[in-house]
>>> print(open('run.csv').read())   # CSV, C-alpha atoms
chain,number,residue,atom,x,y,z
K,273,MET,CA,189.9,-116.0,126.3
K,274,HIS,CA,186.9,-114.2,124.9
K,275,ILE,CA,183.7,-116.1,125.1
K,276,MET,CA,182.0,-115.0,121.9
K,277,GLU,CA,178.6,-113.3,121.9
K,278,GLY,CA,175.8,-115.8,121.9
K,279,PHE,CA,178.0,-118.7,123.1
K,280,LEU,CA,177.0,-118.5,126.7
K,281,PRO,CA,173.4,-119.2,127.9
K,282,ALA,CA,171.6,-116.2,129.3
K,283,GLY,CA,171.6,-117.5,132.9
K,284,TRP,CA,175.3,-117.8,133.0
K,285,CYS,CA,175.8,-114.4,131.4
K,286,LEU,CA,173.7,-112.9,134.1
K,287,LEU,CA,175.5,-114.8,136.9
K,288,TRP,CA,179.0,-113.7,135.7
K,289,TRP,CA,177.8,-110.1,135.3
K,290,LEU,CA,176.6,-110.2,138.9
K,291,VAL,CA,180.0,-111.5,140.0
K,292,ALA,CA,181.8,-108.9,138.0
K,293,LEU,CA,179.8,-105.8,138.9
K,294,PRO,CA,180.8,-105.4,142.6
K,295,PHE,CA,184.5,-105.4,141.5
K,296,VAL,CA,184.0,-102.9,138.8
K,297,ILE,CA,181.9,-100.6,141.0
K,298,ARG,CA,184.4,-100.7,143.8
K,299,GLY,CA,187.2,-100.1,141.2
K,300,ILE,CA,185.5,-97.0,139.9
K,301,LEU,CA,185.1,-95.7,143.5
K,302,ASP,CA,188.7,-96.4,144.3
K,303,LEU,CA,189.8,-94.8,141.0
K,304,ARG,CA,187.8,-91.6,141.8
K,305,ALA,CA,189.2,-91.5,145.3
K,306,MET,CA,192.7,-91.9,144.1
K,307,ILE,CA,192.4,-89.2,141.4
K,308,ARG,CA,190.9,-86.8,144.0
K,309,LYS,CA,193.6,-87.5,146.6
K,310,ASP,CA,196.8,-87.6,144.6
K,311,ARG,CA,197.3,-87.2,140.8
K,312,GLU,CA,200.9,-88.3,141.2
K,313,TYR,CA,199.9,-91.9,140.5
K,314,LEU,CA,198.1,-91.2,137.2
K,315,PRO,CA,201.2,-91.6,135.0
K,316,LEU,CA,201.9,-95.0,136.6
K,317,LEU,CA,198.3,-96.0,136.0
K,318,GLY,CA,198.8,-94.9,132.4
K,319,VAL,CA,201.8,-97.2,132.0
K,320,CYS,CA,200.0,-100.2,133.6
K,321,GLY,CA,196.8,-99.6,131.6
K,322,ALA,CA,198.9,-99.1,128.4
K,323,PHE,CA,200.3,-102.6,128.8
K,324,ILE,CA,196.8,-104.1,129.1
K,325,PHE,CA,195.8,-102.3,125.9
K,326,ILE,CA,199.0,-103.3,124.0
K,327,LEU,CA,199.3,-106.9,125.1
K,328,SER,CA,195.7,-107.8,124.8
K,329,ALA,CA,195.7,-106.6,121.2
K,330,LEU,CA,198.6,-108.9,120.2
K,331,LYS,CA,197.4,-112.3,119.1
K,332,LEU,CA,200.4,-114.5,119.2
K,333,PRO,CA,200.9,-118.0,117.8
K,334,SER,CA,201.5,-120.9,120.2
K,335,VAL,CA,202.5,-124.5,120.3
K,336,THR,CA,199.0,-125.8,119.9
K,337,GLY,CA,198.7,-124.3,116.4
K,338,SER,CA,196.3,-121.6,117.4
K,339,CYS,CA,196.7,-118.0,118.4
K,340,SER,CA,196.0,-116.3,121.7
K,341,HIS,CA,196.7,-113.0,123.4
K,342,PRO,CA,198.5,-112.1,126.6
K,343,THR,CA,196.5,-110.1,129.2
K,344,GLY,CA,199.0,-107.7,130.7
K,345,THR,CA,197.1,-107.3,133.9
K,346,GLY,CA,199.8,-108.3,136.3
K,347,LEU,CA,201.6,-104.9,136.5
K,348,SER,CA,198.4,-103.0,137.3
K,349,THR,CA,197.4,-105.6,139.9
K,350,MET,CA,200.7,-105.1,141.8
K,351,CYS,CA,200.6,-101.3,141.6
K,352,PHE,CA,196.9,-100.6,142.0
K,353,GLY,CA,195.2,-103.8,143.2
K,354,VAL,CA,192.4,-106.0,141.9
K,355,PHE,CA,189.6,-103.4,141.8
K,356,ILE,CA,191.2,-100.7,139.8
K,357,THR,CA,192.6,-103.3,137.4
K,358,SER,CA,189.1,-104.7,136.9
K,359,VAL,CA,188.0,-101.3,135.6
K,360,VAL,CA,191.0,-100.9,133.2
K,361,GLY,CA,190.6,-104.5,132.0
K,362,GLY,CA,186.9,-103.9,131.6
K,363,VAL,CA,187.5,-100.9,129.4
K,364,VAL,CA,189.6,-103.0,127.1
K,365,LEU,CA,187.1,-105.8,127.0
K,366,LEU,CA,184.3,-103.3,126.3
K,367,PHE,CA,186.2,-101.9,123.4
K,368,GLN,CA,186.8,-105.3,122.0
K,369,ALA,CA,183.1,-106.3,122.5
K,370,LEU,CA,181.7,-103.2,120.9
K,371,LEU,CA,184.1,-102.7,117.9
K,372,LEU,CA,185.8,-106.0,117.3
K,373,ALA,CA,183.2,-108.7,118.0
K,374,HIS,CA,185.7,-110.3,120.3
K,375,GLY,CA,183.4,-111.2,123.1
K,376,GLY,CA,180.1,-109.4,123.4
K,377,LEU,CA,178.0,-107.4,125.8
K,378,SER,CA,176.2,-110.5,127.1
K,379,THR,CA,179.4,-112.4,127.7
K,380,LEU,CA,181.3,-109.3,129.0
K,381,GLY,CA,180.6,-110.2,132.6
K,382,ALA,CA,182.1,-113.7,132.1
K,383,ASN,CA,185.1,-112.2,130.2
K,384,MET,CA,185.7,-109.6,132.9
K,385,VAL,CA,185.6,-112.3,135.6
K,386,SER,CA,188.3,-114.2,133.8
K,387,MET,CA,190.6,-111.4,132.5
K,388,ALA,CA,189.9,-108.3,134.5
K,389,ILE,CA,189.2,-110.0,137.9
K,390,GLY,CA,190.1,-113.7,138.2
K,391,GLY,CA,193.6,-113.4,136.7
K,392,PRO,CA,194.4,-110.3,138.8
K,393,VAL,CA,193.1,-111.9,142.0
K,394,ALA,CA,195.4,-114.9,141.5
K,395,GLY,CA,198.3,-112.5,140.6
K,396,TYR,CA,197.6,-110.5,143.7
K,397,ALA,CA,197.7,-113.6,145.8
K,398,VAL,CA,201.1,-114.5,144.4
K,399,TYR,CA,202.2,-110.9,145.0
K,400,ARG,CA,201.1,-110.9,148.7
K,401,LEU,CA,202.8,-114.3,149.2
K,402,LEU,CA,206.1,-113.2,147.8
K,403,LYS,CA,206.1,-109.5,148.7
K,404,ASN,CA,208.0,-109.8,152.0
K,405,THR,CA,210.3,-112.6,151.0
K,406,PRO,CA,213.9,-112.0,150.0
K,407,LEU,CA,213.1,-113.1,146.4
K,408,ASN,CA,214.4,-110.8,143.7
K,409,ILE,CA,211.6,-108.3,143.0
K,410,TYR,CA,211.8,-108.8,139.2
K,411,LEU,CA,211.2,-112.5,139.8
K,412,THR,CA,208.2,-111.6,141.8
K,413,VAL,CA,206.9,-109.4,138.9
K,414,PHE,CA,207.5,-112.3,136.5
K,415,LEU,CA,205.6,-114.8,138.7
K,416,VAL,CA,202.7,-112.4,139.3
K,417,THR,CA,202.2,-111.5,135.6
K,418,THR,CA,202.6,-115.1,134.4
K,419,VAL,CA,200.1,-116.4,137.0
K,420,ALA,CA,197.6,-113.6,136.2
K,421,ASP,CA,197.8,-114.4,132.5
K,422,LEU,CA,197.5,-118.2,132.9
K,423,VAL,CA,194.7,-118.1,135.5
K,424,THR,CA,192.7,-115.9,133.2
K,425,TYR,CA,192.5,-118.7,130.7
K,426,ILE,CA,191.9,-121.4,133.3
K,427,ILE,CA,188.9,-119.4,134.5
K,428,THR,CA,187.6,-119.1,130.9
K,429,SER,CA,187.9,-122.9,130.6
K,430,PHE,CA,186.0,-123.3,133.9
K,431,GLU,CA,183.2,-120.9,132.8
K,432,LEU,CA,182.7,-122.8,129.6
K,433,ALA,CA,182.9,-126.2,131.3
K,434,LEU,CA,180.2,-125.1,133.8
K,435,ALA,CA,177.9,-123.9,130.9
K,436,TYR,CA,178.7,-126.9,128.7
K,437,PRO,CA,179.3,-130.1,130.7
K,438,ALA,CA,180.2,-133.0,128.5
K,439,GLY,CA,177.4,-135.6,128.1
K,440,ASN,CA,179.9,-138.2,129.1
K,441,GLY,CA,182.1,-137.1,132.1
K,442,GLY,CA,180.4,-133.8,132.9
K,443,VAL,CA,182.1,-130.6,133.9
K,444,ILE,CA,185.5,-132.2,134.5
K,445,THR,CA,185.8,-133.7,131.0
K,446,SER,CA,184.6,-130.5,129.5
K,447,PHE,CA,187.0,-128.5,131.6
K,448,VAL,CA,190.0,-130.6,130.4
K,449,ALA,CA,188.9,-130.1,126.8
K,450,PHE,CA,188.7,-126.3,127.2
K,451,PHE,CA,191.8,-126.2,129.3
K,452,ILE,CA,193.8,-127.8,126.5
K,453,ILE,CA,192.5,-125.3,124.0
K,454,PHE,CA,193.0,-122.2,126.1
K,455,ALA,CA,195.4,-122.7,129.0
K,456,VAL,CA,198.0,-125.0,127.2
K,457,THR,CA,198.1,-122.5,124.3
K,458,GLN,CA,198.7,-119.8,126.9
K,459,ILE,CA,201.7,-121.3,128.7
K,460,PRO,CA,204.5,-120.0,126.4
K,461,LEU,CA,202.7,-116.6,126.0
K,462,ALA,CA,202.4,-116.2,129.7
K,463,ILE,CA,206.1,-116.9,130.2
K,464,VAL,CA,207.1,-114.3,127.6
K,465,GLU,CA,204.7,-111.8,129.0
K,466,GLY,CA,206.2,-112.4,132.5
K,467,CYS,CA,209.7,-111.6,131.1
K,468,VAL,CA,208.6,-108.5,129.3
K,469,LEU,CA,206.7,-107.0,132.2
K,470,ALA,CA,209.6,-107.8,134.6
K,471,LEU,CA,211.8,-105.9,132.2
K,472,VAL,CA,209.3,-103.0,132.0
K,473,PHE,CA,209.2,-102.9,135.8
K,474,LYS,CA,213.0,-102.6,135.8
K,475,TYR,CA,212.8,-99.5,133.6
K,476,ILE,CA,210.0,-98.0,135.8
K,477,ILE,CA,212.3,-98.5,138.8
K,478,ARG,CA,215.2,-97.0,137.0
K,479,MET,CA,213.2,-93.9,136.1
K,480,LYS,CA,210.8,-93.5,139.0
K,481,PRO,CA,211.8,-95.7,142.0
K,482,GLU,CA,210.1,-93.2,144.4
K,483,ILE,CA,206.7,-93.8,143.0
K,484,ILE,CA,206.9,-97.6,143.3
K,485,GLU,CA,208.1,-97.1,146.9
K,486,LYS,CA,205.4,-94.5,147.7
K,487,ILE,CA,202.5,-96.6,146.3
K,488,GLY,CA,203.9,-99.4,148.4
K,489,VAL,CA,204.5,-102.1,145.8
K,490,PHE,CA,207.9,-102.9,147.3
K,491,SER,CA,209.9,-101.4,150.2
K,492,SER,CA,212.7,-99.0,149.7
K,493,GLU,CA,215.2,-101.7,150.8
K,494,GLN,CA,213.9,-104.1,148.2
K,495,ILE,CA,214.1,-101.5,145.5
K,496,GLU,CA,217.6,-100.4,146.6
K,497,LYS,CA,218.8,-104.0,146.6
K,498,ALA,CA,217.5,-104.6,143.1
K,499,ARG,CA,219.2,-101.3,141.9
K,500,LEU,CA,222.4,-102.3,143.5
K,501,ALA,CA,222.3,-105.8,142.0
K,502,GLU,CA,221.7,-104.1,138.6
K,503,GLU,CA,224.6,-101.7,138.9
K,504,SER,CA,227.1,-104.1,140.3
K,505,GLY,CA,226.3,-106.6,137.5
K,506,SER,CA,225.4,-109.4,139.8
K,507,SER,CA,222.8,-112.0,139.0
K,508,ALA,CA,219.1,-111.2,138.8
K,509,GLY,CA,218.3,-114.6,140.2
K,510,VAL,CA,217.1,-115.7,143.6
K,511,ARG,CA,219.2,-114.2,146.4
K,512,SER,CA,219.3,-115.5,149.9
G,267,MET,CA,224.6,-94.3,137.3
G,268,THR,CA,228.2,-95.1,136.7
G,269,GLY,CA,228.6,-98.7,137.7
G,270,ILE,CA,228.5,-101.6,135.2
G,271,ARG,CA,224.9,-102.3,134.5
G,272,SER,CA,223.7,-105.8,134.5
G,273,TYR,CA,221.7,-106.8,131.5
G,274,THR,CA,220.6,-110.2,132.9
G,275,LEU,CA,216.9,-109.4,132.6
G,276,GLU,CA,217.3,-108.1,129.1
G,277,ILE,CA,219.2,-111.3,128.1
G,278,ILE,CA,216.6,-113.5,129.7
G,279,THR,CA,213.8,-111.7,128.0
G,280,LEU,CA,215.6,-111.8,124.6
G,281,LEU,CA,216.1,-115.6,125.1
G,282,ALA,CA,212.5,-116.1,126.0
G,283,VAL,CA,211.3,-114.2,122.9
G,284,LEU,CA,213.8,-116.2,120.7
G,285,ALA,CA,212.7,-119.5,122.1
G,286,PHE,CA,209.1,-118.4,121.4
G,287,ILE,CA,210.0,-117.6,117.8
G,288,VAL,CA,211.9,-120.9,117.3
G,289,LEU,CA,208.9,-122.8,118.8
G,290,PHE,CA,206.6,-121.0,116.4
G,291,LEU,CA,208.8,-121.9,113.4
G,292,ALA,CA,209.0,-125.5,114.5
G,293,VAL,CA,205.2,-125.8,115.0
G,294,SER,CA,204.4,-123.9,111.8
G,295,SER,CA,206.9,-125.7,109.6
G,296,GLY,CA,204.5,-128.7,109.1
G,297,GLY,CA,202.0,-126.5,107.4
G,298,THR,CA,199.1,-128.3,109.0
G,299,ARG,CA,198.3,-125.7,111.6
G,300,ASN,CA,196.2,-122.7,110.6
G,301,PHE,CA,196.9,-120.6,113.7
G,302,SER,CA,193.3,-119.4,114.0
G,303,GLY,CA,192.3,-117.9,117.3
G,304,SER,CA,191.9,-120.0,120.4
G,305,ASP,CA,188.6,-118.2,120.8
G,306,ASP,CA,187.4,-119.9,117.6
G,307,ALA,CA,188.8,-123.2,118.7
G,308,GLY,CA,186.8,-122.8,121.9
G,309,THR,CA,183.7,-122.0,119.9
G,310,ARG,CA,184.1,-125.1,117.8
G,311,LYS,CA,184.5,-127.1,121.0
G,312,ILE,CA,181.2,-125.8,122.3
G,313,ALA,CA,179.5,-126.8,119.0
G,314,GLU,CA,181.1,-130.2,119.4
G,315,LEU,CA,179.9,-130.7,123.0
G,316,THR,CA,176.4,-129.5,122.3
G,317,GLY,CA,176.0,-131.1,118.9
G,318,ARG,CA,174.7,-127.8,117.6
G,319,PRO,CA,176.5,-126.2,114.6
G,320,VAL,CA,178.5,-123.0,115.3
G,321,GLU,CA,176.2,-121.0,112.9
G,322,SER,CA,173.2,-121.8,115.1
G,323,TYR,CA,174.5,-119.6,117.9
G,324,GLN,CA,173.0,-116.2,117.5
G,325,PRO,CA,174.1,-113.2,119.5
G,326,LEU,CA,171.9,-112.5,122.6
G,327,ILE,CA,172.6,-108.8,122.2
G,328,PRO,CA,173.1,-107.5,118.7
G,329,GLN,CA,176.7,-106.4,118.0
G,330,TYR,CA,178.8,-104.8,115.4
G,331,VAL,CA,181.0,-107.3,113.5
G,332,PRO,CA,184.0,-105.9,111.5
G,333,PRO,CA,183.1,-106.7,107.9
G,334,SER,CA,186.6,-108.0,107.1
G,335,SER,CA,189.8,-109.2,108.8
G,336,GLU,CA,191.5,-106.0,107.4
G,337,ILE,CA,189.2,-103.8,109.3
G,338,GLU,CA,189.5,-106.0,112.4
G,339,SER,CA,193.3,-105.7,112.3
G,340,THR,CA,193.1,-101.9,111.9
G,341,LEU,CA,191.0,-101.7,115.1
G,342,PHE,CA,193.4,-104.0,116.9
G,343,ALA,CA,196.3,-101.9,115.7
G,344,LEU,CA,194.5,-98.8,117.0
G,345,GLN,CA,194.1,-100.4,120.4
G,346,ALA,CA,197.8,-101.3,120.6
G,347,SER,CA,198.9,-97.9,119.3
G,348,PHE,CA,196.8,-96.1,121.9
G,349,GLY,CA,198.6,-98.1,124.5
G,350,GLY,CA,201.9,-97.3,122.9
G,351,LEU,CA,201.1,-93.6,122.8
G,352,VAL,CA,200.3,-93.5,126.5
G,353,LEU,CA,203.4,-95.5,127.4
G,354,GLY,CA,205.7,-93.3,125.4
G,355,LEU,CA,204.1,-90.2,126.8
G,356,VAL,CA,204.6,-91.3,130.4
G,357,PHE,CA,208.1,-92.6,130.0
G,358,GLY,CA,209.1,-89.4,128.2
G,359,TYR,CA,207.6,-87.4,131.0
G,360,TRP,CA,209.5,-89.3,133.6
G,361,LEU,CA,212.8,-89.1,131.7
G,362,GLY,CA,212.2,-85.3,131.3
G,363,GLN,CA,211.7,-85.0,135.0
G,364,ARG,CA,214.9,-86.9,135.7
G,365,LYS,CA,216.9,-84.6,133.4
G,366,GLN,CA,215.6,-81.6,135.3
G,367,ALA,CA,216.4,-83.0,138.7
G,368,PRO,CA,218.9,-85.8,138.6
G,369,ALA,CA,218.4,-88.5,141.1
G,370,PRO,CA,220.5,-88.2,144.2
>>> encode(input="run.csv", output="structure tokens")
Amino acid sequence: MHIMEGFLPAGWCLLWWLVALPFVIRGILDLRAMIRKDREYLPLLGVCGAFIFILSALKLPSVTGSCSHPTGTGLSTMCFGVFITSVVGGVVLLFQALLLAHGGLSTLGANMVSMAIGGPVAGYAVYRLLKNTPLNIYLTVFLVTTVADLVTYIITSFELALAYPAGNGGVITSFVAFFIIFAVTQIPLAIVEGCVLALVFKYIIRMKPEIIEKIGVFSSEQIEKARLAEESGSSAGVRS
Amino acid sequence: MTGIRSYTLEIITLLAVLAFIVLFLAVSSGGTRNFSGSDDAGTRKIAELTGRPVESYQPLIPQYVPPSSEIESTLFALQASFGGLVLGLVFGYWLGQRKQAPAP
């Protein structure tokens, strides 16, 4: 989903930077407040951040015959919200822009808007929608991470389509072309990412259920229900 | 925990990864796909839409480019291993805490 350095006109670079900055600034403030108030959440932030680092370094092959990488932002979005996630995602994207020539400083704003902000916003919307439903919490984690991953690539397609509308058919034709390149490639990756992060969430809950409860991702009843389901060997599917 | 644990989630994940691998083998068996990055495919699409060759796009802000794909893969491995390090550290820390004070 990286837009390479030089491949976005300066005006669009500036616009996406201006969109991204408020999120990142608010994220830095939230992060500082959280660290001052309670250091108990730092290990959980480490786990969430670690998955963004690991997954966004893995370029995986897909059905379209090209490679792409998962984003890993869903877990952090659920635990810490969009703003802090935008900072963690921004750090990864900065590293890749500075050392790997994957994306660049001028396109960093646009890349942050897709991976560190847009994907997490969509994931967060899914989370809020499903949080208080009787849906199994691991299924919620799966859906949140899959949506955050996919939407990242849809936004990249949108950013490129806006900057490069097709001569014949305009933004929409262009969007479809980029959507096929980015988002279709991403579908299998997003599904695998959703499964892996749901599994990771299960291990976090097994080791540290109280932290998930305290930070308010899920209620103690939901966590207890998931643990009971796990121990009694019943299905991890939807439960009424 | 004494009850029988459900491994449903592990099995689903394993099946998803297996399906992913089978899909990759099926797609790559033709030998016609080069599995380059989708970023590069996007870049080529931009060149196609604008009618300007890929080489004509110059960085707006000068940047470091890894001189070879070996060096690039090292840096990506470094990124992933940093994540793995933090992950192992925290999970180990939590496991240690549980050992000290078993969950009620």
>>> residues_around(input="run.csv", residues="range 345-352 of chain G", least_positions_apart="2", cutoff="9 Å", atoms="all atoms listed in the file", output="PDB file with C-alpha atoms, in the frame of the given file")
ATOM      1  CA  PRO K 315     201.200 -91.600 135.000  1.00  0.00           C
ATOM      2  CA  GLY K 318     198.800 -94.900 132.400  1.00  0.00           C
ATOM      3  CA  VAL K 319     201.800 -97.200 132.000  1.00  0.00           C
ATOM      4  CA  GLY K 321     196.800 -99.600 131.600  1.00  0.00           C
ATOM      5  CA  ALA K 322     198.900 -99.100 128.400  1.00  0.00           C
ATOM      6  CA  PHE K 323     200.300-102.600 128.800  1.00  0.00           C
ATOM      7  CA  ILE K 324     196.800-104.100 129.100  1.00  0.00           C
ATOM      8  CA  PHE K 325     195.800-102.300 125.900  1.00  0.00           C
ATOM      9  CA  ILE K 326     199.000-103.300 124.000  1.00  0.00           C
ATOM     10  CA  LEU K 327     199.300-106.900 125.100  1.00  0.00           C
ATOM     11  CA  SER K 328     195.700-107.800 124.800  1.00  0.00           C
ATOM     12  CA  ALA K 329     195.700-106.600 121.200  1.00  0.00           C
ATOM     13  CA  LEU K 330     198.600-108.900 120.200  1.00  0.00           C
ATOM     14  CA  VAL K 364     189.600-103.000 127.100  1.00  0.00           C
ATOM     15  CA  PHE K 367     186.200-101.900 123.400  1.00  0.00           C
ATOM     16  CA  GLN K 368     186.800-105.300 122.000  1.00  0.00           C
TER      17      GLN K 368
ATOM     18  CA  THR G 340     193.100-101.900 111.900  1.00  0.00           C
ATOM     19  CA  LEU G 341     191.000-101.700 115.100  1.00  0.00           C
ATOM     20  CA  PHE G 342     193.400-104.000 116.900  1.00  0.00           C
ATOM     21  CA  ALA G 343     196.300-101.900 115.700  1.00  0.00           C
ATOM     22  CA  GLY G 354     205.700 -93.300 125.400  1.00  0.00           C
ATOM     23  CA  LEU G 355     204.100 -90.200 126.800  1.00  0.00           C
ATOM     24  CA  VAL G 356     204.600 -91.300 130.400  1.00  0.00           C
ATOM     25  CA  PHE G 357     208.100 -92.600 130.000  1.00  0.00           C
TER      26      PHE G 357
END
>>> residues_around(input="run.csv", residues="Ala433 in chain K", least_positions_apart="4", cutoff="10 Å", atoms="only C-alpha atoms", output="PDB file with C-alpha atoms, keeping the file's coordinate frame")
ATOM      1  CA  ILE K 427     188.900-119.400 134.500  1.00  0.00           C
ATOM      2  CA  THR K 428     187.600-119.100 130.900  1.00  0.00           C
ATOM      3  CA  SER K 429     187.900-122.900 130.600  1.00  0.00           C
ATOM      4  CA  PRO K 437     179.300-130.100 130.700  1.00  0.00           C
ATOM      5  CA  ALA K 438     180.200-133.000 128.500  1.00  0.00           C
ATOM      6  CA  GLY K 442     180.400-133.800 132.900  1.00  0.00           C
ATOM      7  CA  VAL K 443     182.100-130.600 133.900  1.00  0.00           C
ATOM      8  CA  ILE K 444     185.500-132.200 134.500  1.00  0.00           C
ATOM      9  CA  THR K 445     185.800-133.700 131.000  1.00  0.00           C
ATOM     10  CA  SER K 446     184.600-130.500 129.500  1.00  0.00           C
ATOM     11  CA  PHE K 447     187.000-128.500 131.600  1.00  0.00           C
ATOM     12  CA  VAL K 448     190.000-130.600 130.400  1.00  0.00           C
ATOM     13  CA  ALA K 449     188.900-130.100 126.800  1.00  0.00           C
ATOM     14  CA  PHE K 450     188.700-126.300 127.200  1.00  0.00           C
ATOM     15  CA  PHE K 451     191.800-126.200 129.300  1.00  0.00           C
TER      16      PHE K 451
ATOM     17  CA  ILE G 312     181.200-125.800 122.300  1.00  0.00           C
ATOM     18  CA  LEU G 315     179.900-130.700 123.000  1.00  0.00           C
TER      19      LEU G 315
END
>>> closest_atom_pairs(input="run.csv", of="chain G", to="chain K", cutoff="8 Å", atoms="all atoms listed in the file", output="Markdown table")
| residue | atom | partner | partner_atom | distance |
| --- | --- | --- | --- | --- |
| G:Met267 | CA | K:Glu503 | CA | 7.6 |
| G:Thr268 | CA | K:Glu503 | CA | 7.8 |
| G:Gly269 | CA | K:Glu503 | CA | 5.1 |
| G:Ile270 | CA | K:Glu503 | CA | 5.4 |
| G:Arg271 | CA | K:Glu503 | CA | 4.5 |
| G:Ser272 | CA | K:Gly505 | CA | 4.0 |
| G:Tyr273 | CA | K:Gly505 | CA | 7.6 |
| G:Thr274 | CA | K:Ala508 | CA | 6.2 |
| G:Leu275 | CA | K:Leu471 | CA | 6.2 |
| G:Glu276 | CA | K:Leu471 | CA | 6.7 |
| G:Ile278 | CA | K:Cys467 | CA | 7.3 |
| G:Thr279 | CA | K:Cys467 | CA | 5.1 |
| G:Ala282 | CA | K:Val464 | CA | 5.9 |
| G:Val283 | CA | K:Val464 | CA | 6.3 |
| G:Phe286 | CA | K:Pro460 | CA | 7.0 |
| G:Leu289 | CA | K:Val335 | CA | 6.8 |
| G:Phe290 | CA | K:Ser334 | CA | 6.4 |
| G:Val293 | CA | K:Val335 | CA | 6.1 |
| G:Ser294 | CA | K:Gly337 | CA | 7.3 |
| G:Arg299 | CA | K:Gly337 | CA | 5.0 |
| G:Asn300 | CA | K:Gly337 | CA | 6.5 |
| G:Phe301 | CA | K:Ser338 | CA | 3.9 |
| G:Ser302 | CA | K:Ser338 | CA | 5.0 |
| G:Gly303 | CA | K:Cys339 | CA | 4.5 |
| G:Ser304 | CA | K:Ser338 | CA | 5.6 |
| G:Asp305 | CA | K:His274 | CA | 6.0 |
| G:Ala307 | CA | K:Ile453 | CA | 6.8 |
| G:Gly308 | CA | K:Ile453 | CA | 6.6 |
| G:Thr309 | CA | K:Phe279 | CA | 7.3 |
| G:Lys311 | CA | K:Phe450 | CA | 7.5 |
| G:Ile312 | CA | K:Tyr436 | CA | 7.0 |
| G:Leu315 | CA | K:Ala438 | CA | 6.0 |
| G:Thr316 | CA | K:Tyr436 | CA | 7.3 |
| G:Tyr323 | CA | K:Gly278 | CA | 5.7 |
| G:Gln324 | CA | K:Gly278 | CA | 5.2 |
| G:Pro325 | CA | K:Gly278 | CA | 3.9 |
| G:Leu326 | CA | K:Gly278 | CA | 5.2 |
| G:Ile327 | CA | K:Ser378 | CA | 6.3 |
| G:Gln329 | CA | K:Leu370 | CA | 6.6 |
| G:Tyr330 | CA | K:Leu371 | CA | 6.2 |
| G:Val331 | CA | K:Ala373 | CA | 5.2 |
| G:Pro332 | CA | K:Leu372 | CA | 6.1 |
| G:Glu338 | CA | K:Leu372 | CA | 6.1 |
| G:Leu341 | CA | K:Leu372 | CA | 7.1 |
| G:Phe342 | CA | K:Ala329 | CA | 5.5 |
| G:Ala343 | CA | K:Ala329 | CA | 7.3 |
| G:Gln345 | CA | K:Phe325 | CA | 6.1 |
| G:Ala346 | CA | K:Ile326 | CA | 4.1 |
| G:Ser347 | CA | K:Ile326 | CA | 7.2 |
| G:Phe348 | CA | K:Phe325 | CA | 7.4 |
| G:Gly349 | CA | K:Ala322 | CA | 4.0 |
| G:Gly350 | CA | K:Ala322 | CA | 6.5 |
| G:Val352 | CA | K:Ala322 | CA | 6.1 |
| G:Leu353 | CA | K:Val319 | CA | 5.2 |
| G:Val356 | CA | K:Pro315 | CA | 5.7 |
| G:Trp360 | CA | K:Met479 | CA | 6.4 |
| G:Leu361 | CA | K:Met479 | CA | 6.5 |
| G:Arg364 | CA | K:Met479 | CA | 7.2 |
>>> atom_distance(input="run.csv", atom1="CA of Gly391 in chain K", atom2="CA of Leu293 in chain K")
15.9 Å
>>> residues_near_point(input="run.csv", point="(210.3, -110.9, 147.5)", cutoff="12 Å", atoms="all atoms listed in the file", output="ChimeraX atom specification")
/K:398-416,489-491,493-495,497-498,509-512
>>> decode(input="run.csv", residues="range 288-297 of chain K", atoms="N, CA and C atoms", output="compact mmCIF listing (two decimals), in the first residue's frame")
# COMPACT_ATOMS: atom_id res chain seq x y z
N TRP K 288 -2.68 15.21 2.25
CA TRP K 288 -2.74 14.01 3.10
C TRP K 288 -1.91 14.18 4.37
N TRP K 289 -0.83 14.95 4.27
CA TRP K 289 -0.07 15.27 5.48
C TRP K 289 -0.95 16.06 6.45
N LEU K 290 -1.70 17.04 5.90
CA LEU K 290 -2.56 17.86 6.75
C LEU K 290 -3.68 17.03 7.39
N VAL K 291 -4.16 16.02 6.65
CA VAL K 291 -5.18 15.14 7.23
C VAL K 291 -4.56 14.29 8.34
N ALA K 292 -3.34 13.81 8.12
CA ALA K 292 -2.72 12.87 9.05
C ALA K 292 -2.25 13.53 10.34
N LEU K 293 -1.73 14.75 10.23
CA LEU K 293 -1.09 15.38 11.39
C LEU K 293 -1.95 15.46 12.65
N PRO K 294 -3.21 15.92 12.55
CA PRO K 294 -4.01 16.00 13.79
C PRO K 294 -4.13 14.65 14.51
N PHE K 295 -4.26 13.56 13.74
CA PHE K 295 -4.36 12.23 14.34
C PHE K 295 -3.08 11.89 15.09
N VAL K 296 -1.95 12.15 14.43
CA VAL K 296 -0.66 11.78 15.03
C VAL K 296 -0.39 12.63 16.27
N ILE K 297 -0.70 13.93 16.19
CA ILE K 297 -0.47 14.82 17.34
C ILE K 297 -1.33 14.38 18.52
